[in-house]
Each structure stands twice: as C-alpha cells, then as structure tokens.
$ cat run.pdb   # PDB, C-alpha atoms
ATOM      1  CA  MET A 380      40.216 -31.485  38.667  1.00  0.00           C
ATOM      2  CA  ASN A 381      43.625 -30.234  39.694  1.00  0.00           C
ATOM      3  CA  ARG A 382      44.500 -26.751  38.530  1.00  0.00           C
ATOM      4  CA  GLU A 383      47.887 -28.102  37.369  1.00  0.00           C
ATOM      5  CA  LEU A 384      46.157 -30.475  34.931  1.00  0.00           C
ATOM      6  CA  ILE A 385      44.161 -27.649  33.431  1.00  0.00           C
ATOM      7  CA  ASP A 386      47.144 -25.337  33.108  1.00  0.00           C
ATOM      8  CA  ARG A 387      49.557 -27.902  31.661  1.00  0.00           C
ATOM      9  CA  ARG A 388      51.577 -26.922  28.658  1.00  0.00           C
ATOM     10  CA  SER A 389      51.554 -29.247  25.679  1.00  0.00           C
ATOM     11  CA  PRO A 390      55.039 -30.661  24.980  1.00  0.00           C
ATOM     12  CA  ALA A 391      54.544 -30.169  21.239  1.00  0.00           C
ATOM     13  CA  SER A 392      53.822 -26.473  21.709  1.00  0.00           C
ATOM     14  CA  PRO A 393      55.409 -25.312  24.970  1.00  0.00           C
ATOM     15  CA  GLY A 394      54.033 -21.767  24.694  1.00  0.00           C
ATOM     16  CA  LEU A 395      50.392 -22.779  24.321  1.00  0.00           C
ATOM     17  CA  PRO A 396      48.195 -24.068  27.129  1.00  0.00           C
ATOM     18  CA  PHE A 397      46.992 -27.658  26.906  1.00  0.00           C
ATOM     19  CA  LYS A 398      43.231 -27.914  26.430  1.00  0.00           C
ATOM     20  CA  GLU A 399      41.158 -31.061  26.644  1.00  0.00           C
ATOM     21  CA  SER A 400      39.451 -30.008  23.424  1.00  0.00           C
ATOM     22  CA  ASP A 401      42.834 -30.306  21.685  1.00  0.00           C
ATOM     23  CA  VAL A 402      42.661 -34.079  22.092  1.00  0.00           C
ATOM     24  CA  GLY A 403      38.899 -34.541  21.893  1.00  0.00           C
ATOM     25  CA  LEU A 404      38.362 -35.392  25.565  1.00  0.00           C
ATOM     26  CA  GLU A 405      35.309 -33.159  25.876  1.00  0.00           C
ATOM     27  CA  LYS A 406      33.426 -35.439  23.443  1.00  0.00           C
ATOM     28  CA  SER A 407      33.745 -38.590  25.531  1.00  0.00           C
ATOM     29  CA  PRO A 408      30.405 -39.697  26.958  1.00  0.00           C
ATOM     30  CA  ASN A 409      32.248 -41.488  29.758  1.00  0.00           C
ATOM     31  CA  ARG A 410      34.197 -38.504  30.972  1.00  0.00           C
ATOM     32  CA  ILE A 411      33.482 -37.472  34.527  1.00  0.00           C
ATOM     33  CA  PRO A 412      32.517 -33.784  34.518  1.00  0.00           C
ATOM     34  CA  ALA A 413      35.168 -31.563  36.101  1.00  0.00           C
ATOM     35  CA  GLY A 414      32.808 -29.019  37.633  1.00  0.00           C
ATOM     36  CA  GLY A 415      31.536 -29.753  41.122  1.00  0.00           C
ATOM     37  CA  LEU A 416      33.723 -32.766  41.928  1.00  0.00           C
ATOM     38  CA  GLY A 417      35.674 -31.041  44.649  1.00  0.00           C
ATOM     39  CA  PRO A 418      34.442 -31.038  48.214  1.00  0.00           C
ATOM     40  CA  GLN A 419      31.437 -28.796  48.768  1.00  0.00           C
ATOM     41  CA  VAL A 420      31.260 -26.303  51.613  1.00  0.00           C
ATOM     42  CA  GLY A 421      29.939 -28.079  54.698  1.00  0.00           C
ATOM     43  CA  GLU A 422      30.259 -31.537  53.138  1.00  0.00           C
ATOM     44  CA  THR A 423      31.793 -34.200  55.357  1.00  0.00           C
ATOM     45  CA  ASN A 424      34.594 -36.423  54.101  1.00  0.00           C
ATOM     46  CA  GLY A 425      32.238 -39.390  54.128  1.00  0.00           C
ATOM     47  CA  ASP A 426      29.613 -37.525  52.090  1.00  0.00           C
ATOM     48  CA  TYR A 427      32.285 -36.403  49.641  1.00  0.00           C
ATOM     49  CA  ARG A 428      33.518 -39.988  49.167  1.00  0.00           C
ATOM     50  CA  GLU A 429      29.942 -41.201  48.677  1.00  0.00           C
ATOM     51  CA  ARG A 430      29.267 -38.503  46.079  1.00  0.00           C
ATOM     52  CA  LEU A 431      32.472 -39.356  44.214  1.00  0.00           C
ATOM     53  CA  ALA A 432      31.566 -43.053  44.292  1.00  0.00           C
ATOM     54  CA  ARG A 433      28.132 -42.220  42.791  1.00  0.00           C
ATOM     55  CA  VAL A 434      29.687 -40.093  40.050  1.00  0.00           C
ATOM     56  CA  HIS A 435      32.150 -42.857  39.173  1.00  0.00           C
ATOM     57  CA  ALA A 436      29.395 -45.492  39.234  1.00  0.00           C
ATOM     58  CA  GLU A 437      27.261 -43.358  36.893  1.00  0.00           C
ATOM     59  CA  ALA A 438      30.197 -42.942  34.504  1.00  0.00           C
ATOM     60  CA  LEU A 439      30.820 -46.692  34.561  1.00  0.00           C
ATOM     61  CA  GLU A 440      27.122 -47.346  33.919  1.00  0.00           C
ATOM     62  CA  ARG A 441      27.147 -44.944  30.935  1.00  0.00           C
ATOM     63  CA  ARG A 442      30.206 -46.714  29.528  1.00  0.00           C
ATOM     64  CA  GLN A 443      28.597 -50.133  29.950  1.00  0.00           C
ATOM     65  CA  GLN A 444      25.466 -48.873  28.179  1.00  0.00           C
ATOM     66  CA  GLU A 445      27.560 -47.514  25.306  1.00  0.00           C
ATOM     67  CA  LEU A 446      29.451 -50.816  25.065  1.00  0.00           C
ATOM     68  CA  HIS A 447      26.125 -52.638  24.851  1.00  0.00           C
ATOM     69  CA  GLU A 448      24.790 -50.195  22.232  1.00  0.00           C
ATOM     70  CA  GLN A 449      27.850 -50.620  19.981  1.00  0.00           C
ATOM     71  CA  SER A 450      26.849 -54.224  19.345  1.00  0.00           C
ATOM     72  CA  ALA A 451      23.072 -54.040  19.824  1.00  0.00           C
ATOM     73  CA  PRO A 452      21.166 -55.635  16.916  1.00  0.00           C
ATOM     74  CA  HIS A 453      18.650 -52.766  16.791  1.00  0.00           C
ATOM     75  CA  ASN A 454      21.469 -50.386  15.728  1.00  0.00           C
ATOM     76  CA  ASP A 455      22.578 -50.443  12.112  1.00  0.00           C
ATOM     77  CA  ALA A 456      26.229 -50.727  11.079  1.00  0.00           C
ATOM     78  CA  THR A 457      26.662 -46.951  10.803  1.00  0.00           C
ATOM     79  CA  ALA A 458      25.364 -46.346  14.325  1.00  0.00           C
ATOM     80  CA  ARG A 459      27.443 -49.174  15.813  1.00  0.00           C
ATOM     81  CA  ILE A 460      30.630 -47.910  14.193  1.00  0.00           C
ATOM     82  CA  ARG A 461      29.941 -44.309  15.264  1.00  0.00           C
ATOM     83  CA  ILE A 462      29.403 -45.501  18.847  1.00  0.00           C
ATOM     84  CA  TRP A 463      32.681 -47.451  18.650  1.00  0.00           C
ATOM     85  CA  GLU A 464      34.468 -44.343  17.348  1.00  0.00           C
ATOM     86  CA  ARG A 465      33.046 -42.203  20.151  1.00  0.00           C
ATOM     87  CA  LEU A 466      33.969 -44.738  22.855  1.00  0.00           C
ATOM     88  CA  HIS A 467      37.517 -45.163  21.601  1.00  0.00           C
ATOM     89  CA  GLN A 468      37.963 -41.611  20.280  1.00  0.00           C
ATOM     90  CA  ILE A 469      39.327 -43.016  17.029  1.00  0.00           C
ATOM     91  CA  ASP A 470      37.905 -42.486  13.554  1.00  0.00           C
ATOM     92  CA  LEU A 471      37.248 -45.405  11.254  1.00  0.00           C
ATOM     93  CA  PRO A 472      40.533 -45.957   9.391  1.00  0.00           C
ATOM     94  CA  ARG A 473      40.489 -45.083   5.694  1.00  0.00           C
ATOM     95  CA  ASN A 474      42.811 -47.924   4.712  1.00  0.00           C
ATOM     96  CA  PRO A 475      40.798 -51.099   3.961  1.00  0.00           C
ATOM     97  CA  ALA A 476      43.734 -53.246   5.101  1.00  0.00           C
ATOM     98  CA  HIS A 477      44.071 -51.496   8.483  1.00  0.00           C
ATOM     99  CA  ARG A 478      44.227 -53.926  11.399  1.00  0.00           C
ATOM    100  CA  LEU A 479      41.537 -52.004  13.307  1.00  0.00           C
ATOM    101  CA  ILE A 480      38.912 -53.150  10.780  1.00  0.00           C
ATOM    102  CA  GLU A 481      38.839 -56.634  12.348  1.00  0.00           C
ATOM    103  CA  ILE A 482      38.820 -55.199  15.869  1.00  0.00           C
ATOM    104  CA  ILE A 483      35.941 -52.838  15.054  1.00  0.00           C
ATOM    105  CA  ALA A 484      34.043 -55.725  13.474  1.00  0.00           C
ATOM    106  CA  ALA A 485      34.554 -57.913  16.555  1.00  0.00           C
ATOM    107  CA  ASN A 486      33.604 -55.144  19.003  1.00  0.00           C
ATOM    108  CA  THR A 487      30.481 -54.128  17.101  1.00  0.00           C
ATOM    109  CA  GLY A 488      29.218 -57.587  16.222  1.00  0.00           C
ATOM    110  CA  LEU A 489      29.536 -56.810  12.527  1.00  0.00           C
ATOM    111  CA  SER A 490      31.434 -58.647   9.854  1.00  0.00           C
ATOM    112  CA  ALA A 491      34.607 -57.155   8.417  1.00  0.00           C
ATOM    113  CA  SER A 492      32.739 -56.722   5.132  1.00  0.00           C
ATOM    114  CA  ASP A 493      30.088 -54.613   6.936  1.00  0.00           C
ATOM    115  CA  VAL A 494      32.821 -52.376   8.336  1.00  0.00           C
ATOM    116  CA  LEU A 495      34.468 -52.135   4.912  1.00  0.00           C
ATOM    117  CA  ALA A 496      31.094 -51.233   3.362  1.00  0.00           C
ATOM    118  CA  GLU A 497      30.717 -48.362   5.847  1.00  0.00           C
ATOM    119  CA  GLN A 498      34.277 -47.323   5.065  1.00  0.00           C
ATOM    120  CA  GLN A 499      33.408 -47.231   1.351  1.00  0.00           C
ATOM    121  CA  ILE A 500      30.236 -45.196   1.995  1.00  0.00           C
ATOM    122  CA  ARG A 501      32.286 -42.617   3.877  1.00  0.00           C
ATOM    123  CA  ALA A 502      34.958 -42.572   1.160  1.00  0.00           C
ATOM    124  CA  ASN A 503      32.308 -41.927  -1.476  1.00  0.00           C
ATOM    125  CA  ALA A 504      30.836 -39.124   0.610  1.00  0.00           C
ATOM    126  CA  ARG A 505      34.298 -37.500   0.878  1.00  0.00           C
ATOM    127  CA  ALA A 506      35.046 -37.793  -2.831  1.00  0.00           C
ATOM    128  CA  PRO A 507      34.689 -34.495  -4.704  1.00  0.00           C
ATOM    129  CA  LYS A 508      31.789 -34.365  -7.091  1.00  0.00           C
ATOM    130  CA  PRO A 509      32.721 -33.614 -10.719  1.00  0.00           C
ATOM    131  CA  ALA A 510      31.598 -30.206 -11.941  1.00  0.00           C
ATOM    132  CA  ASP A 511      28.828 -30.165 -14.556  1.00  0.00           C
ATOM    133  CA  SER A 512      30.125 -29.048 -17.923  1.00  0.00           C
ATOM    134  CA  ILE A 513      28.225 -26.342 -19.768  1.00  0.00           C
TER     135      ILE A 513
END
$ encode --input "run.pdb" --output "structure tokens"
Amino acid sequence: MNRELIDRRSPASPGLPFKESDVGLEKSPNRIPAGGLGPQVGETNGDYRERLARVHAEALERRQQELHEQSAPHNDATARIRIWERLHQIDLPRNPAHRLIEIIAANTGLSASDVLAEQQIRANARAPKPADSI
C-alpha cells in the first residue's frame, strides 16, 4: 500500500491522520491485506505479478463465498443479514420504510417481511428495559 494512502489527512478533520479503522475498512473480509504486498527482496517482476494475481484471486474467491453465504438456505435470516451488512459495510436501516429493505431482501433471498422481522428484533434489543419498582 502506498505510504501516501496511509498518511492521508481526512478532509473533515485536516489535523488528524486518516485511518482505515475510521471508516470500517479493517472489518471487510474481502480486503486485501496491506502487509507483504510489495515486491520481496530477490523476487522477480514475474513472480511478483504472479503473487499479486494469487492474492487478488483469493480475495475474489472469498467475496464470492460470502455472496453465496448471504443467500444460502442453511443460514437463518439473522446470519444472512449480518453477512450482507459485513459485505456492504452498511448496518440494517432502522426505518421500516427504508428502500434498502427490499434490496437486502433480494440479495439475501429473504422476504421483506423477514428483513423487517429482524429489524424489529434488533429494535427490541436496543429498547431500554423499564426499571423494576420497589
């Protein structure tokens, strides 16, 4: 990875260095690891290109596997939606009328009502529990 990409300054906060963790890039299962991608000492250009091609092919294979898993029937709705969120680095919207609900349903092989049910489960889990009165 280029040193300039690592040392970039975020436009929103010009005094602070930009970090991939600021935007959640380190969580992506499809991200090609930065360490060790540069040419190795004694490695020929051809070997370097072959190694890069293997790394890219492995990343593509991981992405294809994740895409398959997000709609696999052996995964329940929660797992499928979590896989979708991880692939797209977007959380399930909280608004039941959000246009992503239909897209998530189509991508995961679920119905919109299944996605809305998961949304409701998460909303209930976030809701504060009333304190017991004495």
$ closest_residue --input "run.pdb" --among "A:Leu416, A:Gln444, A:Arg459, A:Thr423" --to "Ser490 (chain A)" --atoms "only C-alpha atoms"
A:Arg459
$ atom_distance --input "run.pdb" --atom1 "CA of Glu445 (chain A)" --atom2 "CA of Arg461 (chain A)"
10.8 Å
$ closest_residue --input "run.pdb" --among "A:Ile482, A:Leu489, A:Val494, A:Ala504" --to "Ala451 (chain A)" --atoms "all atoms listed in the file"
A:Leu489
$ closest_residue --input "run.pdb" --among "A:Arg473, A:Arg478, A:His435, A:His453" --to "Gln499 (chain A)" --atoms "all atoms listed in the file"
A:Arg473
$ closest_residue --input "run.pdb" --among "A:Glu440, A:Gly488, A:Arg501, A:Pro509" --to "Asn454 (chain A)" --atoms "only C-alpha atoms"
A:Gly488
$ atom_distance --input "run.pdb" --atom1 "CA of Ile480 (chain A)" --atom2 "CA of Gln498 (chain A)"
9.4 Å
$ residues_around --input "run.pdb" --residues "Asn486 (chain A)" --least-positions-apart "5" --cutoff "8 Å" --atoms "only C-alpha atoms" --output "count of residues only"
3
$ closest_residue --input "run.pdb" --among "A:Asp470, A:Glu437, A:Glu422, A:Asp455" --to "Ile483 (chain A)" --atoms "only C-alpha atoms"
A:Asp470
$ closest_residue --input "run.pdb" --among "A:Leu439, A:Ala496, A:Leu446, A:Ala432" --to "Glu464 (chain A)" --atoms "all atoms listed in the file"
A:Leu446
$ atom_distance --input "run.pdb" --atom1 "CA of Ile462 (chain A)" --atom2 "CA of His447 (chain A)"
9.9 Å
$ residues_around --input "run.pdb" --residues "Gln419 (chain A)" --least-positions-apart "5" --cutoff "12 Å" --atoms "all atoms listed in the file" --output "JSON, numbers by chain"
{"A": [414, 424, 425, 426, 427, 428, 430, 431]}
